[in-house]
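Printed here is final.cif (mmCIF, N, CA and C atoms):
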data_protein
loop_
_atom_site.group_PDB
_atom_site.id
_atom_site.type_symbol
_atom_site.label_atom_id
_atom_site.label_comp_id
_atom_site.auth_asym_id
_atom_site.auth_seq_id
_atom_site.Cartn_x
_atom_site.Cartn_y
_atom_site.Cartn_z
ATOM 1 N N MET A 1 0.803 -1.193 0.000
ATOM 2 C CA MET A 1 0.000 0.000 0.000
ATOM 3 C C MET A 1 0.848 1.259 0.000
ATOM 4 N N GLY A 2 1.796 1.337 -0.800
ATOM 5 C CA GLY A 2 2.597 2.545 -0.877
ATOM 6 C C GLY A 2 2.280 3.324 -2.127
ATOM 7 N N ARG A 3 3.030 4.338 -2.311
ATOM 8 C CA ARG A 3 2.853 5.136 -3.518
ATOM 9 C C ARG A 3 3.712 4.562 -4.624
ATOM 10 N N GLU A 4 3.124 4.500 -5.794
ATOM 11 C CA GLU A 4 3.884 4.134 -6.983
ATOM 12 C C GLU A 4 3.807 5.321 -7.922
ATOM 13 N N GLY A 5 4.843 6.088 -7.973
ATOM 14 C CA GLY A 5 4.810 7.310 -8.764
ATOM 15 C C GLY A 5 3.856 8.288 -8.124
ATOM 16 N N ASP A 6 2.949 8.838 -8.934
ATOM 17 C CA ASP A 6 1.946 9.764 -8.420
ATOM 18 C C ASP A 6 0.593 9.091 -8.235
ATOM 19 N N THR A 7 0.484 7.804 -8.463
ATOM 20 C CA THR A 7 -0.788 7.112 -8.398
ATOM 21 C C THR A 7 -0.981 6.495 -7.019
ATOM 22 N N LEU A 8 -2.143 6.747 -6.417
ATOM 23 C CA LEU A 8 -2.477 6.161 -5.129
ATOM 24 C C LEU A 8 -3.135 4.810 -5.336
ATOM 25 N N ASP A 9 -2.918 3.881 -4.401
ATOM 26 C CA ASP A 9 -3.654 2.629 -4.437
ATOM 27 C C ASP A 9 -5.129 2.920 -4.191
ATOM 28 N N ILE A 10 -5.984 2.053 -4.661
ATOM 29 C CA ILE A 10 -7.416 2.229 -4.480
ATOM 30 C C ILE A 10 -7.753 2.315 -2.992
ATOM 31 N N GLU A 11 -7.136 1.482 -2.164
ATOM 32 C CA GLU A 11 -7.410 1.525 -0.733
ATOM 33 C C GLU A 11 -7.055 2.884 -0.140
ATOM 34 N N GLU A 12 -5.947 3.448 -0.554
ATOM 35 C CA GLU A 12 -5.555 4.767 -0.057
ATOM 36 C C GLU A 12 -6.549 5.834 -0.511
ATOM 37 N N ILE A 13 -7.040 5.690 -1.726
ATOM 38 C CA ILE A 13 -8.030 6.636 -2.232
ATOM 39 C C ILE A 13 -9.293 6.559 -1.387
ATOM 40 N N ASP A 14 -9.734 5.338 -1.070
ATOM 41 C CA ASP A 14 -10.926 5.162 -0.242
ATOM 42 C C ASP A 14 -10.740 5.785 1.134
ATOM 43 N N VAL A 15 -9.601 5.535 1.748
ATOM 44 C CA VAL A 15 -9.324 6.073 3.077
ATOM 45 C C VAL A 15 -9.310 7.600 3.048
ATOM 46 N N LEU A 16 -8.688 8.168 2.044
ATOM 47 C CA LEU A 16 -8.644 9.624 1.907
ATOM 48 C C LEU A 16 -10.043 10.205 1.760
ATOM 49 N N ALA A 17 -10.840 9.617 0.880
ATOM 50 C CA ALA A 17 -12.196 10.128 0.631
ATOM 51 C C ALA A 17 -13.081 9.999 1.867
ATOM 52 N N ILE A 18 -13.021 8.871 2.534
ATOM 53 C CA ILE A 18 -13.846 8.667 3.724
ATOM 54 C C ILE A 18 -13.414 9.613 4.833
ATOM 55 N N GLY A 19 -12.119 9.840 4.963
ATOM 56 C CA GLY A 19 -11.631 10.800 5.947
ATOM 57 C C GLY A 19 -12.157 12.201 5.696
ATOM 58 N N LEU A 20 -12.217 12.588 4.437
ATOM 59 C CA LEU A 20 -12.768 13.903 4.100
ATOM 60 C C LEU A 20 -14.257 13.963 4.447
ATOM 61 N N LEU A 21 -14.976 12.899 4.174
ATOM 62 C CA LEU A 21 -16.408 12.872 4.475
ATOM 63 C C LEU A 21 -16.688 12.890 5.974
ATOM 64 N N LEU A 22 -15.824 12.271 6.743
ATOM 65 C CA LEU A 22 -16.031 12.249 8.193
ATOM 66 C C LEU A 22 -15.907 13.631 8.820
ATOM 67 N N THR A 23 -15.177 14.521 8.177
ATOM 68 C CA THR A 23 -15.042 15.887 8.696
ATOM 69 C C THR A 23 -16.134 16.817 8.170
ATOM 70 N N ALA A 24 -16.997 16.330 7.306
ATOM 71 C CA ALA A 24 -18.014 17.160 6.666
ATOM 72 C C ALA A 24 -18.964 17.876 7.632
ATOM 73 N N PRO A 25 -19.419 17.243 8.714
ATOM 74 C CA PRO A 25 -20.352 17.955 9.611
ATOM 75 C C PRO A 25 -19.777 19.224 10.227
ATOM 76 N N MET A 26 -18.458 19.352 10.257
ATOM 77 C CA MET A 26 -17.829 20.532 10.858
ATOM 78 C C MET A 26 -17.478 21.599 9.825
ATOM 79 N N MET A 27 -17.867 21.393 8.575
ATOM 80 C CA MET A 27 -17.490 22.306 7.496
ATOM 81 C C MET A 27 -18.575 23.332 7.226
ATOM 82 N N SER A 28 -18.128 24.460 6.714
ATOM 83 C CA SER A 28 -19.075 25.463 6.223
ATOM 84 C C SER A 28 -19.576 25.022 4.850
ATOM 85 N N ASP A 29 -20.565 25.720 4.343
ATOM 86 C CA ASP A 29 -21.112 25.403 3.023
ATOM 87 C C ASP A 29 -20.026 25.506 1.944
ATOM 88 N N TYR A 30 -19.228 26.550 2.011
ATOM 89 C CA TYR A 30 -18.159 26.750 1.031
ATOM 90 C C TYR A 30 -17.135 25.614 1.092
ATOM 91 N N GLU A 31 -16.721 25.261 2.315
ATOM 92 C CA GLU A 31 -15.751 24.176 2.473
ATOM 93 C C GLU A 31 -16.311 22.855 1.927
ATOM 94 N N MET A 32 -17.585 22.605 2.164
ATOM 95 C CA MET A 32 -18.199 21.368 1.689
ATOM 96 C C MET A 32 -18.215 21.321 0.166
ATOM 97 N N ARG A 33 -18.508 22.442 -0.477
ATOM 98 C CA ARG A 33 -18.481 22.470 -1.956
ATOM 99 C C ARG A 33 -17.078 22.201 -2.477
ATOM 100 N N CYS A 34 -16.066 22.747 -1.807
ATOM 101 C CA CYS A 34 -14.671 22.502 -2.215
ATOM 102 C C CYS A 34 -14.302 21.036 -2.040
ATOM 103 N N ILE A 35 -14.699 20.447 -0.924
ATOM 104 C CA ILE A 35 -14.417 19.028 -0.673
ATOM 105 C C ILE A 35 -15.140 18.159 -1.683
ATOM 106 N N LEU A 36 -16.358 18.518 -2.042
ATOM 107 C CA LEU A 36 -17.094 17.736 -3.035
ATOM 108 C C LEU A 36 -16.373 17.748 -4.380
ATOM 109 N N CYS A 37 -15.820 18.885 -4.754
ATOM 110 C CA CYS A 37 -15.027 18.958 -5.994
ATOM 111 C C CYS A 37 -13.799 18.056 -5.910
ATOM 112 N N LYS A 38 -13.124 18.064 -4.758
ATOM 113 C CA LYS A 38 -11.960 17.196 -4.572
ATOM 114 C C LYS A 38 -12.367 15.728 -4.636
ATOM 115 N N LEU A 39 -13.497 15.393 -4.006
ATOM 116 C CA LEU A 39 -13.963 14.004 -4.013
ATOM 117 C C LEU A 39 -14.294 13.539 -5.429
ATOM 118 N N LYS A 40 -14.867 14.419 -6.227
ATOM 119 C CA LYS A 40 -15.178 14.051 -7.611
ATOM 120 C C LYS A 40 -13.899 13.785 -8.407
ATOM 121 N N LYS A 41 -12.858 14.583 -8.155
ATOM 122 C CA LYS A 41 -11.575 14.357 -8.836
ATOM 123 C C LYS A 41 -10.969 13.027 -8.414
ATOM 124 N N ILE A 42 -11.060 12.732 -7.122
ATOM 125 C CA ILE A 42 -10.537 11.461 -6.620
ATOM 126 C C ILE A 42 -11.340 10.299 -7.209
ATOM 127 N N ALA A 43 -12.659 10.468 -7.291
ATOM 128 C CA ALA A 43 -13.524 9.405 -7.836
ATOM 129 C C ALA A 43 -13.215 9.135 -9.306
ATOM 130 N N LYS A 44 -12.817 10.177 -10.030
ATOM 131 C CA LYS A 44 -12.446 9.964 -11.439
ATOM 132 C C LYS A 44 -11.251 9.031 -11.551
ATOM 133 N N LYS A 45 -10.300 9.167 -10.632
ATOM 134 C CA LYS A 45 -9.137 8.275 -10.628
ATOM 135 C C LYS A 45 -9.563 6.845 -10.324
ATOM 136 N N LYS A 46 -10.480 6.694 -9.378
ATOM 137 C CA LYS A 46 -10.940 5.361 -9.020
ATOM 138 C C LYS A 46 -11.793 4.764 -10.138
ATOM 139 N N LYS A 47 -12.539 5.599 -10.842
ATOM 140 C CA LYS A 47 -13.411 5.129 -11.910
ATOM 141 C C LYS A 47 -12.610 4.404 -12.989
ATOM 142 N N VAL A 48 -11.428 4.889 -13.261
ATOM 143 C CA VAL A 48 -10.576 4.278 -14.278
ATOM 144 C C VAL A 48 -10.297 2.818 -13.918
ATOM 145 N N ALA A 49 -10.137 2.533 -12.640
ATOM 146 C CA ALA A 49 -9.791 1.181 -12.204
ATOM 147 C C ALA A 49 -11.017 0.299 -11.972
ATOM 148 N N SER A 50 -12.172 0.879 -11.658
ATOM 149 C CA SER A 50 -13.291 0.050 -11.221
ATOM 150 C C SER A 50 -14.500 0.034 -12.158
ATOM 151 N N TYR A 51 -14.535 0.889 -13.145
ATOM 152 C CA TYR A 51 -15.629 0.961 -14.122
ATOM 153 C C TYR A 51 -16.979 1.353 -13.520
ATOM 154 N N LYS A 52 -16.985 1.893 -12.306
ATOM 155 C CA LYS A 52 -18.218 2.400 -11.719
ATOM 156 C C LYS A 52 -18.388 3.854 -12.130
ATOM 157 N N SER A 53 -19.622 4.336 -12.039
ATOM 158 C CA SER A 53 -19.833 5.759 -12.303
ATOM 159 C C SER A 53 -19.323 6.561 -11.103
ATOM 160 N N ILE A 54 -19.059 7.809 -11.327
ATOM 161 C CA ILE A 54 -18.564 8.673 -10.260
ATOM 162 C C ILE A 54 -19.586 8.768 -9.134
ATOM 163 N N ASN A 55 -20.866 8.874 -9.471
ATOM 164 C CA ASN A 55 -21.898 8.954 -8.438
ATOM 165 C C ASN A 55 -21.964 7.679 -7.605
ATOM 166 N N GLU A 56 -21.764 6.516 -8.222
ATOM 167 C CA GLU A 56 -21.758 5.262 -7.465
ATOM 168 C C GLU A 56 -20.580 5.219 -6.495
ATOM 169 N N ILE A 57 -19.439 5.706 -6.941
ATOM 170 C CA ILE A 57 -18.264 5.742 -6.076
ATOM 171 C C ILE A 57 -18.497 6.686 -4.903
ATOM 172 N N LEU A 58 -19.054 7.879 -5.174
ATOM 173 C CA LEU A 58 -19.356 8.821 -4.095
ATOM 174 C C LEU A 58 -20.365 8.230 -3.122
ATOM 175 N N ASP A 59 -21.364 7.523 -3.626
ATOM 176 C CA ASP A 59 -22.351 6.868 -2.755
ATOM 177 C C ASP A 59 -21.698 5.797 -1.885
ATOM 178 N N ASP A 60 -20.798 5.012 -2.460
ATOM 179 C CA ASP A 60 -20.092 3.988 -1.685
ATOM 180 C C ASP A 60 -19.300 4.627 -0.551
ATOM 181 N N TRP A 61 -18.578 5.706 -0.857
ATOM 182 C CA TRP A 61 -17.795 6.386 0.171
ATOM 183 C C TRP A 61 -18.694 6.956 1.266
ATOM 184 N N ALA A 62 -19.798 7.572 0.869
ATOM 185 C CA ALA A 62 -20.728 8.141 1.850
ATOM 186 C C ALA A 62 -21.292 7.033 2.734
ATOM 187 N N ASN A 63 -21.615 5.899 2.145
ATOM 188 C CA ASN A 63 -22.143 4.773 2.905
ATOM 189 C C ASN A 63 -21.103 4.264 3.905
ATOM 190 N N MET A 64 -19.850 4.135 3.458
ATOM 191 C CA MET A 64 -18.782 3.674 4.359
ATOM 192 C C MET A 64 -18.568 4.664 5.499
ATOM 193 N N ALA A 65 -18.579 5.946 5.192
ATOM 194 C CA ALA A 65 -18.395 6.971 6.223
ATOM 195 C C ALA A 65 -19.545 6.940 7.222
ATOM 196 N N TYR A 66 -20.758 6.765 6.729
ATOM 197 C CA TYR A 66 -21.934 6.685 7.614
ATOM 198 C C TYR A 66 -21.802 5.506 8.570
ATOM 199 N N HIS A 67 -21.427 4.348 8.038
ATOM 200 C CA HIS A 67 -21.285 3.156 8.881
ATOM 201 C C HIS A 67 -20.188 3.325 9.919
ATOM 202 N N LEU A 68 -19.110 4.010 9.544
ATOM 203 C CA LEU A 68 -18.039 4.277 10.512
ATOM 204 C C LEU A 68 -18.518 5.178 11.642
ATOM 205 N N THR A 69 -19.309 6.191 11.321
ATOM 206 C CA THR A 69 -19.800 7.096 12.361
ATOM 207 C C THR A 69 -20.792 6.389 13.281
ATOM 208 N N MET A 70 -21.535 5.445 12.759
ATOM 209 C CA MET A 70 -22.499 4.712 13.581
ATOM 210 C C MET A 70 -21.797 3.697 14.491
ATOM 211 N N LYS A 71 -20.601 3.265 14.101
ATOM 212 C CA LYS A 71 -19.828 2.323 14.910
ATOM 213 C C LYS A 71 -19.342 2.955 16.200
ATOM 214 N N TYR A 72 -18.944 4.219 16.112
ATOM 215 C CA TYR A 72 -18.319 4.884 17.259
ATOM 216 C C TYR A 72 -19.269 5.847 17.837
#

Can you give me the file's structure in the form of structure tokens?
Amino acid sequence: MGREGDTLDIEEIDVLAIGLLLTAPMMSDYEMRCILCKLKKIAKKKKVASYKSINEILDDWANMAYHLTMKY
């Protein structure tokens, strides 16, 4: 799970995206829009590897983040 060049492993991408989503309740509207743009860019990278749509990837991340918050 390291870096190979500038490309992140899929697992690292998931962890990064979920981490951003977990901080969302503390963000302002402007910050949330900026994070959403970043998440879409990250999802485009993942889309190349998984053939899912960007919205499906964002939904998966949101679902994982929700389950993590309910655990703790």

- Just list the residues in chain A DSSP gives helix (DSSP H, G or I) on the backbone, as an MDAnalysis selection string. chainID A and resid 10:22 24:26 29:50 54:71

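With only C-alpha atoms as the atoms that count, the residue of A:Leu21, A:Ser28, A:Glu12, A:Val48 with the shortest distance to Asp60 (chain A) is A:Leu21.
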
- Nearest to Arg33 (chain A): which of A:Lys71, A:Leu20, A:Ala65, A:Lys47 is it, counting only C-alpha atoms? A:Leu20

Which centre and which edge lengths, in Å to one decimal, describe the axis-aligned box that holds all listed atoms of region 35-40 of chain A after 4 Å is added on each side, as JSON?
{"center_x": -14.5, "center_y": 17.0, "center_z": -4.5, "size_x": 13.1, "size_y": 14.9, "size_z": 15.7}

- atom C of Ile54 (chain A) to atom N of Lys40 (chain A): how many Å, to one decimal?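 Value for the atom C of Ile54 (chain A)-atom N of Lys40 (chain A) distance: 7.9 Å.
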
- Message: As an exercise, work out the distance from CA of Leu36 (chain A) to CA of Lys52 (chain A) in Å and give it to one decimal place.
- Response: 17.7 Å

- Query: Which of these, A:Met32, A:Leu39, A:Leu22, A:Val15, has the shortest distance to Thr69 (chain A) once you count only C-alpha atoms?
  - Reply: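 Once distances to Thr69 (chain A) are computed over only C-alpha atoms, the minimum belongs to A:Leu22.
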
- Message: List the spatial neighbours of Ala17 (chain A) as an MDAnalysis selection string - criterion: any atom at most 12 Å away, only C-alpha atoms, same-chain residues fewer than 4 positions off excluded.
- Response: chainID A and resid 8 10:13 21:24 35:43 45:46 57:65

- Message: Can you measure atom N of Ala49 (chain A) to atom C of Asp14 (chain A) for me? One decimal in Å is fine.
- Response: 14.2 Å

Should you be able to, write chain A of this structure into a file that contains C-alpha atoms, as an mmCIF file, in the first residue's frame.
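Listed below is the output, result-v4.cif:
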data_model
loop_
_atom_site.group_PDB
_atom_site.id
_atom_site.type_symbol
_atom_site.label_atom_id
_atom_site.label_comp_id
_atom_site.auth_asym_id
_atom_site.auth_seq_id
_atom_site.Cartn_x
_atom_site.Cartn_y
_atom_site.Cartn_z
ATOM 1 C CA MET A 1 0.000 0.000 0.000
ATOM 2 C CA GLY A 2 2.597 2.545 -0.877
ATOM 3 C CA ARG A 3 2.853 5.136 -3.518
ATOM 4 C CA GLU A 4 3.884 4.134 -6.983
ATOM 5 C CA GLY A 5 4.810 7.310 -8.764
ATOM 6 C CA ASP A 6 1.946 9.764 -8.420
ATOM 7 C CA THR A 7 -0.788 7.112 -8.398
ATOM 8 C CA LEU A 8 -2.477 6.161 -5.129
ATOM 9 C CA ASP A 9 -3.654 2.629 -4.437
ATOM 10 C CA ILE A 10 -7.416 2.229 -4.480
ATOM 11 C CA GLU A 11 -7.410 1.525 -0.733
ATOM 12 C CA GLU A 12 -5.555 4.767 -0.057
ATOM 13 C CA ILE A 13 -8.030 6.636 -2.232
ATOM 14 C CA ASP A 14 -10.926 5.162 -0.242
ATOM 15 C CA VAL A 15 -9.324 6.073 3.077
ATOM 16 C CA LEU A 16 -8.644 9.624 1.907
ATOM 17 C CA ALA A 17 -12.196 10.128 0.631
ATOM 18 C CA ILE A 18 -13.846 8.667 3.724
ATOM 19 C CA GLY A 19 -11.631 10.800 5.947
ATOM 20 C CA LEU A 20 -12.768 13.903 4.100
ATOM 21 C CA LEU A 21 -16.408 12.872 4.475
ATOM 22 C CA LEU A 22 -16.031 12.249 8.193
ATOM 23 C CA THR A 23 -15.042 15.887 8.696
ATOM 24 C CA ALA A 24 -18.014 17.160 6.666
ATOM 25 C CA PRO A 25 -20.352 17.955 9.611
ATOM 26 C CA MET A 26 -17.829 20.532 10.858
ATOM 27 C CA MET A 27 -17.490 22.306 7.496
ATOM 28 C CA SER A 28 -19.075 25.463 6.223
ATOM 29 C CA ASP A 29 -21.112 25.403 3.023
ATOM 30 C CA TYR A 30 -18.159 26.750 1.031
ATOM 31 C CA GLU A 31 -15.751 24.176 2.473
ATOM 32 C CA MET A 32 -18.199 21.368 1.689
ATOM 33 C CA ARG A 33 -18.481 22.470 -1.956
ATOM 34 C CA CYS A 34 -14.671 22.502 -2.215
ATOM 35 C CA ILE A 35 -14.417 19.028 -0.673
ATOM 36 C CA LEU A 36 -17.094 17.736 -3.035
ATOM 37 C CA CYS A 37 -15.027 18.958 -5.994
ATOM 38 C CA LYS A 38 -11.960 17.196 -4.572
ATOM 39 C CA LEU A 39 -13.963 14.004 -4.013
ATOM 40 C CA LYS A 40 -15.178 14.051 -7.611
ATOM 41 C CA LYS A 41 -11.575 14.357 -8.836
ATOM 42 C CA ILE A 42 -10.537 11.461 -6.620
ATOM 43 C CA ALA A 43 -13.524 9.405 -7.836
ATOM 44 C CA LYS A 44 -12.446 9.964 -11.439
ATOM 45 C CA LYS A 45 -9.137 8.275 -10.628
ATOM 46 C CA LYS A 46 -10.940 5.361 -9.020
ATOM 47 C CA LYS A 47 -13.411 5.129 -11.910
ATOM 48 C CA VAL A 48 -10.576 4.278 -14.278
ATOM 49 C CA ALA A 49 -9.791 1.181 -12.204
ATOM 50 C CA SER A 50 -13.291 0.050 -11.221
ATOM 51 C CA TYR A 51 -15.629 0.961 -14.122
ATOM 52 C CA LYS A 52 -18.218 2.400 -11.719
ATOM 53 C CA SER A 53 -19.833 5.759 -12.303
ATOM 54 C CA ILE A 54 -18.564 8.673 -10.260
ATOM 55 C CA ASN A 55 -21.898 8.954 -8.438
ATOM 56 C CA GLU A 56 -21.758 5.262 -7.465
ATOM 57 C CA ILE A 57 -18.264 5.742 -6.076
ATOM 58 C CA LEU A 58 -19.356 8.821 -4.095
ATOM 59 C CA ASP A 59 -22.351 6.868 -2.755
ATOM 60 C CA ASP A 60 -20.092 3.988 -1.685
ATOM 61 C CA TRP A 61 -17.795 6.386 0.171
ATOM 62 C CA ALA A 62 -20.728 8.141 1.850
ATOM 63 C CA ASN A 63 -22.143 4.773 2.905
ATOM 64 C CA MET A 64 -18.782 3.674 4.359
ATOM 65 C CA ALA A 65 -18.395 6.971 6.223
ATOM 66 C CA TYR A 66 -21.934 6.685 7.614
ATOM 67 C CA HIS A 67 -21.285 3.156 8.881
ATOM 68 C CA LEU A 68 -18.039 4.277 10.512
ATOM 69 C CA THR A 69 -19.800 7.096 12.361
ATOM 70 C CA MET A 70 -22.499 4.712 13.581
ATOM 71 C CA LYS A 71 -19.828 2.323 14.910
ATOM 72 C CA TYR A 72 -18.319 4.884 17.259
#
